[in-house]
Amino acid sequence: MLHDDASGPRAAGRFAPSPSGDLHLGNLRTALLAWLFARSTGRRFLIRIEDLDRVRPGAAERQLVDLAALGLDWDGPVVRQSRRQALHHAAIDRLTDAGLTYECYCTRREIQQAVTAPHGPLGAYPGTCRDLTDAERAARRAEGRPAALRLRSQTKEFEIIDELHGRYRGAVDDFVLRRGDGTPAYNLAVVVDDADQGVDQVVRGDDLLPSTPRQAYLAELLELAIPRYAHVPLVLNAEGERLAKRDGAVTLTDRIALGESPHQVVALLANSLGYAADTPAELLDRFRPDALPREPWRIDPADVVQLGVDP
Ligand code: GLU
């Protein structure tokens with residue numbers, strides 16, 4: 001067991017894929033890492049399908065088949081985020097009751113134009129609708145503009161601690177809590193769901209590190225425990241860009257079509273983490289988070305990798 005032992009009977013890690021398509025090698029590697037972090041610290045491991053947007057029919061089911069084929073297991077039923085919206089809306093209402101939200105009528109384009117201003121954190125909402133008068137709000141509503149609901153943030157920055165990145169300070173802007181179509185926004189839903197499900201360990205791709213101070217700050221406002229974080233490196237193609245479908249054989253189905261077995265794919269993922277193993281269980285005993293590579297994994301999916309593992 002590591003120093004970071006699970007802190008209670010409900011303590012859990014999780015993998016939370018968006019069902020927008022098949023998982024690629026980078027997603028599979030992140031799933032493997034999330035499983036290893038959870039299991040090596042005595043935590044439960046949960047799967048939550050984040051289906052509030054970008055849903056491709058059948059993708060969630062295929063993702064689960066792939067995770068199981070690699071030898072990953074999970075506890076309890078798979079949860080679908082879209083079925084938990086009552087909880088999300090209750091949290092939004094609590095923030096609204098505390099005076100911590102406001103309606104925003106800006107279009108995406110208006111925000112993009114405003115944020116190209118030279119100052120302020122990249123992509124931060126400039127606060128256009130924060131201090132509208134009641135009359136101005138009424139006028140915008142009358143124009144029929146769908147309103148998103150934003151957080152009235154009381155801070156500009158928040159610091160989190162990450163297992164791999166150490167102390168990380170990042171911007172907190174007035175981010176969206178509820179989209180114009182009434183759907184809870186990712187940053188809100190992820191915080192509410194993790195806390196409600198007892199998730200106290202969040203392992204995910206480091207593309208989400210910049211959003212994490214917003215989420216941790218939101219957890220604090222909602223008086224929810226801030227989880228431990230580990231943001232793991234992404235996978236890059238031969239050109240150093242984020243791995244994508246166009247790079248070739250990037251999904252488990254693609255790899256199998258090339259003649260690799262699921263064991264060989266696990267061996268490929270394990271190799272990228274510095275281990276020789278062809279099942280998650282075999283990796284578990286040896287897993288050391290502090291020895292993980294901190295650099296992105298570069299792979300040319302055109303190569304069928306021969307790691308000396310029997311198919
Ligand atoms: N659903 C997000 C994604 O697939 C991950 C969210 C998270 O792990 O917090 O990119």
# chains A, B, ... in the order shown; residues from 1 in each chain; ligands from 1
>>> residues_near_ligand(ligand="ligand 1", cutoff="10 Å", atoms="only C-alpha atoms and all ligand atoms", output="VMD selection string")
chain A and resid 14 to 20 23 27 30 to 31 34 48 to 54 81 186 to 187 189 to 191 193 to 194 202 to 209 211 to 212 215 229 231
>>> residues_around(residues="Leu149 in chain A", least_positions_apart="3", cutoff="8 Å", atoms="only C-alpha atoms", output="tab-separated table (two decimals) with N, CA, C and O atoms, in the first residue's frame")
chain	number	residue	atom	x	y	z
A	101	THR	N	-24.34	33.11	-8.48
A	101	THR	CA	-24.50	32.84	-9.92
A	101	THR	C	-25.10	34.07	-10.61
A	101	THR	O	-25.66	34.94	-9.95
A	102	TYR	N	-24.94	34.10	-11.91
A	102	TYR	CA	-25.67	35.11	-12.70
A	102	TYR	C	-25.89	34.59	-14.11
A	102	TYR	O	-25.16	33.71	-14.58
A	103	GLU	N	-26.92	35.13	-14.74
A	103	GLU	CA	-27.23	34.71	-16.10
A	103	GLU	C	-26.30	35.41	-17.08
A	103	GLU	O	-25.96	36.57	-16.90
A	104	CYS	N	-25.92	34.69	-18.11
A	104	CYS	CA	-25.02	35.25	-19.13
A	104	CYS	C	-25.67	35.03	-20.49
A	104	CYS	O	-26.07	33.92	-20.82
A	176	VAL	N	-19.05	28.60	-16.67
A	176	VAL	CA	-20.46	28.22	-16.85
A	176	VAL	C	-20.80	27.04	-15.95
A	176	VAL	O	-20.07	26.05	-15.88
A	177	LEU	N	-21.94	27.15	-15.27
A	177	LEU	CA	-22.45	26.06	-14.43
A	177	LEU	C	-23.59	25.31	-15.13
A	177	LEU	O	-23.77	24.12	-14.96
A	178	ARG	N	-24.38	26.09	-15.87
A	178	ARG	CA	-25.50	25.49	-16.61
A	178	ARG	C	-25.52	26.12	-17.98
A	178	ARG	O	-25.49	27.35	-18.11
A	179	ARG	N	-25.54	25.31	-18.99
A	179	ARG	CA	-25.46	25.82	-20.36
A	179	ARG	C	-26.79	26.45	-20.76
A	179	ARG	O	-27.82	26.27	-20.12
A	180	GLY	N	-26.75	27.17	-21.87
A	180	GLY	CA	-27.94	27.85	-22.38
A	180	GLY	C	-29.10	26.90	-22.65
A	180	GLY	O	-30.26	27.29	-22.58
>>> select_by_dssp(residues="range 10-116 of chain A", states="alpha helix (DSSP H)", output="JSON, numbers by chain")
{"A": [25, 26, 27, 28, 29, 30, 31, 32, 33, 34, 35, 36, 37, 38, 39, 40, 59, 60, 61, 62, 63, 64, 65, 66, 67, 68, 69, 85, 86, 87, 88, 89, 90, 91, 92, 93, 94, 95, 96, 97, 108, 109, 110, 111, 112, 113, 114, 115]}
>>> residues_around(residues="Phe37 in chain A", least_positions_apart="6", cutoff="10 Å", atoms="only C-alpha atoms", output="list in words")
Leu2, Asp4, Ala12, Gly13, Arg14, Ala31, Arg43, Phe45, Gln201, Val202, Val203, Ala230, Leu284, Phe287, Arg288 and Pro289 of chain A
>>> residues_around(residues="Arg137 in chain A", least_positions_apart="2", cutoff="12 Å", atoms="only C-alpha atoms", output="PyMOL selection string")
chain A and resi 102-106+128-135+139-147
>>> decode(residues="range 119-150 of chain A", atoms="N, CA, C and O atoms", output="short mmCIF file (atom, residue, chain, number, x, y, z; two decimals), in the first residue's frame")
data_model
loop_
_atom_site.label_atom_id
_atom_site.label_comp_id
_atom_site.auth_asym_id
_atom_site.auth_seq_id
_atom_site.Cartn_x
_atom_site.Cartn_y
_atom_site.Cartn_z
N HIS A 119 -4.98 41.03 -21.89
CA HIS A 119 -4.76 40.65 -20.48
C HIS A 119 -5.74 39.59 -20.04
O HIS A 119 -6.72 39.32 -20.69
N GLY A 120 -5.45 39.03 -18.91
CA GLY A 120 -6.36 38.02 -18.35
C GLY A 120 -5.97 36.65 -18.82
O GLY A 120 -5.34 36.49 -19.86
N PRO A 121 -6.33 35.65 -18.02
CA PRO A 121 -5.93 34.28 -18.35
C PRO A 121 -6.57 33.81 -19.64
O PRO A 121 -7.68 34.23 -19.98
N LEU A 122 -5.87 32.95 -20.31
CA LEU A 122 -6.33 32.43 -21.59
C LEU A 122 -7.72 31.83 -21.48
O LEU A 122 -7.97 30.98 -20.64
N GLY A 123 -8.62 32.30 -22.32
CA GLY A 123 -9.95 31.70 -22.37
C GLY A 123 -10.86 32.09 -21.22
O GLY A 123 -11.97 31.61 -21.13
N ALA A 124 -10.39 32.96 -20.33
CA ALA A 124 -11.22 33.32 -19.17
C ALA A 124 -12.39 34.19 -19.62
O ALA A 124 -12.24 35.05 -20.48
N TYR A 125 -13.53 33.97 -19.01
CA TYR A 125 -14.70 34.80 -19.33
C TYR A 125 -14.46 36.22 -18.81
O TYR A 125 -14.09 36.40 -17.64
N PRO A 126 -14.66 37.23 -19.66
CA PRO A 126 -14.30 38.59 -19.25
C PRO A 126 -15.31 39.26 -18.30
O PRO A 126 -15.07 40.38 -17.86
N GLY A 127 -16.41 38.60 -18.00
CA GLY A 127 -17.33 39.18 -17.01
C GLY A 127 -18.38 40.11 -17.59
O GLY A 127 -19.02 40.87 -16.86
N THR A 128 -18.57 40.04 -18.91
CA THR A 128 -19.49 40.94 -19.60
C THR A 128 -20.87 41.04 -18.91
O THR A 128 -21.41 42.14 -18.77
N CYS A 129 -21.44 39.92 -18.52
CA CYS A 129 -22.80 39.94 -17.98
C CYS A 129 -22.86 39.98 -16.45
O CYS A 129 -23.93 39.93 -15.86
N ARG A 130 -21.70 40.08 -15.82
CA ARG A 130 -21.66 39.95 -14.35
C ARG A 130 -22.44 41.06 -13.65
O ARG A 130 -23.11 40.80 -12.65
N ASP A 131 -22.30 42.25 -14.15
CA ASP A 131 -22.90 43.37 -13.43
C ASP A 131 -23.99 44.08 -14.22
O ASP A 131 -24.17 45.28 -14.10
N LEU A 132 -24.73 43.33 -15.00
CA LEU A 132 -25.85 43.93 -15.73
C LEU A 132 -26.91 44.40 -14.73
O LEU A 132 -27.11 43.78 -13.69
N THR A 133 -27.59 45.48 -15.08
CA THR A 133 -28.71 45.92 -14.23
C THR A 133 -29.93 45.04 -14.53
O THR A 133 -29.96 44.33 -15.55
N ASP A 134 -30.90 45.11 -13.67
CA ASP A 134 -32.14 44.32 -13.89
C ASP A 134 -32.76 44.68 -15.24
O ASP A 134 -33.25 43.80 -15.96
N ALA A 135 -32.70 45.96 -15.58
CA ALA A 135 -33.30 46.40 -16.85
C ALA A 135 -32.54 45.81 -18.04
O ALA A 135 -33.13 45.35 -19.02
N GLU A 136 -31.22 45.79 -17.92
CA GLU A 136 -30.41 45.22 -19.01
C GLU A 136 -30.68 43.72 -19.16
O GLU A 136 -30.77 43.20 -20.27
N ARG A 137 -30.81 43.06 -18.05
CA ARG A 137 -31.13 41.61 -18.10
C ARG A 137 -32.48 41.39 -18.77
O ARG A 137 -32.63 40.51 -19.62
N ALA A 138 -33.43 42.19 -18.36
CA ALA A 138 -34.79 42.04 -18.92
C ALA A 138 -34.75 42.26 -20.43
O ALA A 138 -35.39 41.52 -21.20
N ALA A 139 -33.96 43.24 -20.86
CA ALA A 139 -33.88 43.54 -22.30
C ALA A 139 -33.28 42.36 -23.04
O ALA A 139 -33.75 41.97 -24.12
N ARG A 140 -32.26 41.76 -22.48
CA ARG A 140 -31.63 40.62 -23.17
C ARG A 140 -32.55 39.40 -23.19
O ARG A 140 -32.62 38.68 -24.18
N ARG A 141 -33.25 39.22 -22.09
CA ARG A 141 -34.20 38.08 -22.08
C ARG A 141 -35.26 38.30 -23.15
O ARG A 141 -35.67 37.36 -23.84
N ALA A 142 -35.70 39.57 -23.26
CA ALA A 142 -36.76 39.88 -24.22
C ALA A 142 -36.29 39.63 -25.66
O ALA A 142 -37.09 39.31 -26.53
N GLU A 143 -34.99 39.74 -25.89
CA GLU A 143 -34.46 39.44 -27.23
C GLU A 143 -34.48 37.95 -27.50
O GLU A 143 -34.15 37.48 -28.60
N GLY A 144 -34.81 37.19 -26.47
CA GLY A 144 -34.92 35.73 -26.63
C GLY A 144 -33.58 35.02 -26.58
O GLY A 144 -33.46 33.88 -27.00
N ARG A 145 -32.55 35.69 -26.08
CA ARG A 145 -31.24 35.04 -25.99
C ARG A 145 -31.26 33.98 -24.89
O ARG A 145 -31.57 34.28 -23.75
N PRO A 146 -30.88 32.73 -25.20
CA PRO A 146 -30.86 31.72 -24.14
C PRO A 146 -29.75 32.05 -23.14
O PRO A 146 -28.63 32.37 -23.53
N ALA A 147 -30.09 32.02 -21.87
CA ALA A 147 -29.11 32.39 -20.86
C ALA A 147 -28.39 31.17 -20.32
O ALA A 147 -29.01 30.18 -19.95
N ALA A 148 -27.06 31.27 -20.27
CA ALA A 148 -26.29 30.29 -19.50
C ALA A 148 -26.21 30.83 -18.07
O ALA A 148 -26.45 32.02 -17.84
N LEU A 149 -25.91 29.97 -17.12
CA LEU A 149 -25.73 30.43 -15.75
C LEU A 149 -24.25 30.30 -15.39
O LEU A 149 -23.66 29.24 -15.57
N ARG A 150 -23.68 31.41 -14.91
CA ARG A 150 -22.25 31.40 -14.57
C ARG A 150 -22.04 31.54 -13.08
O ARG A 150 -22.87 32.10 -12.36
#
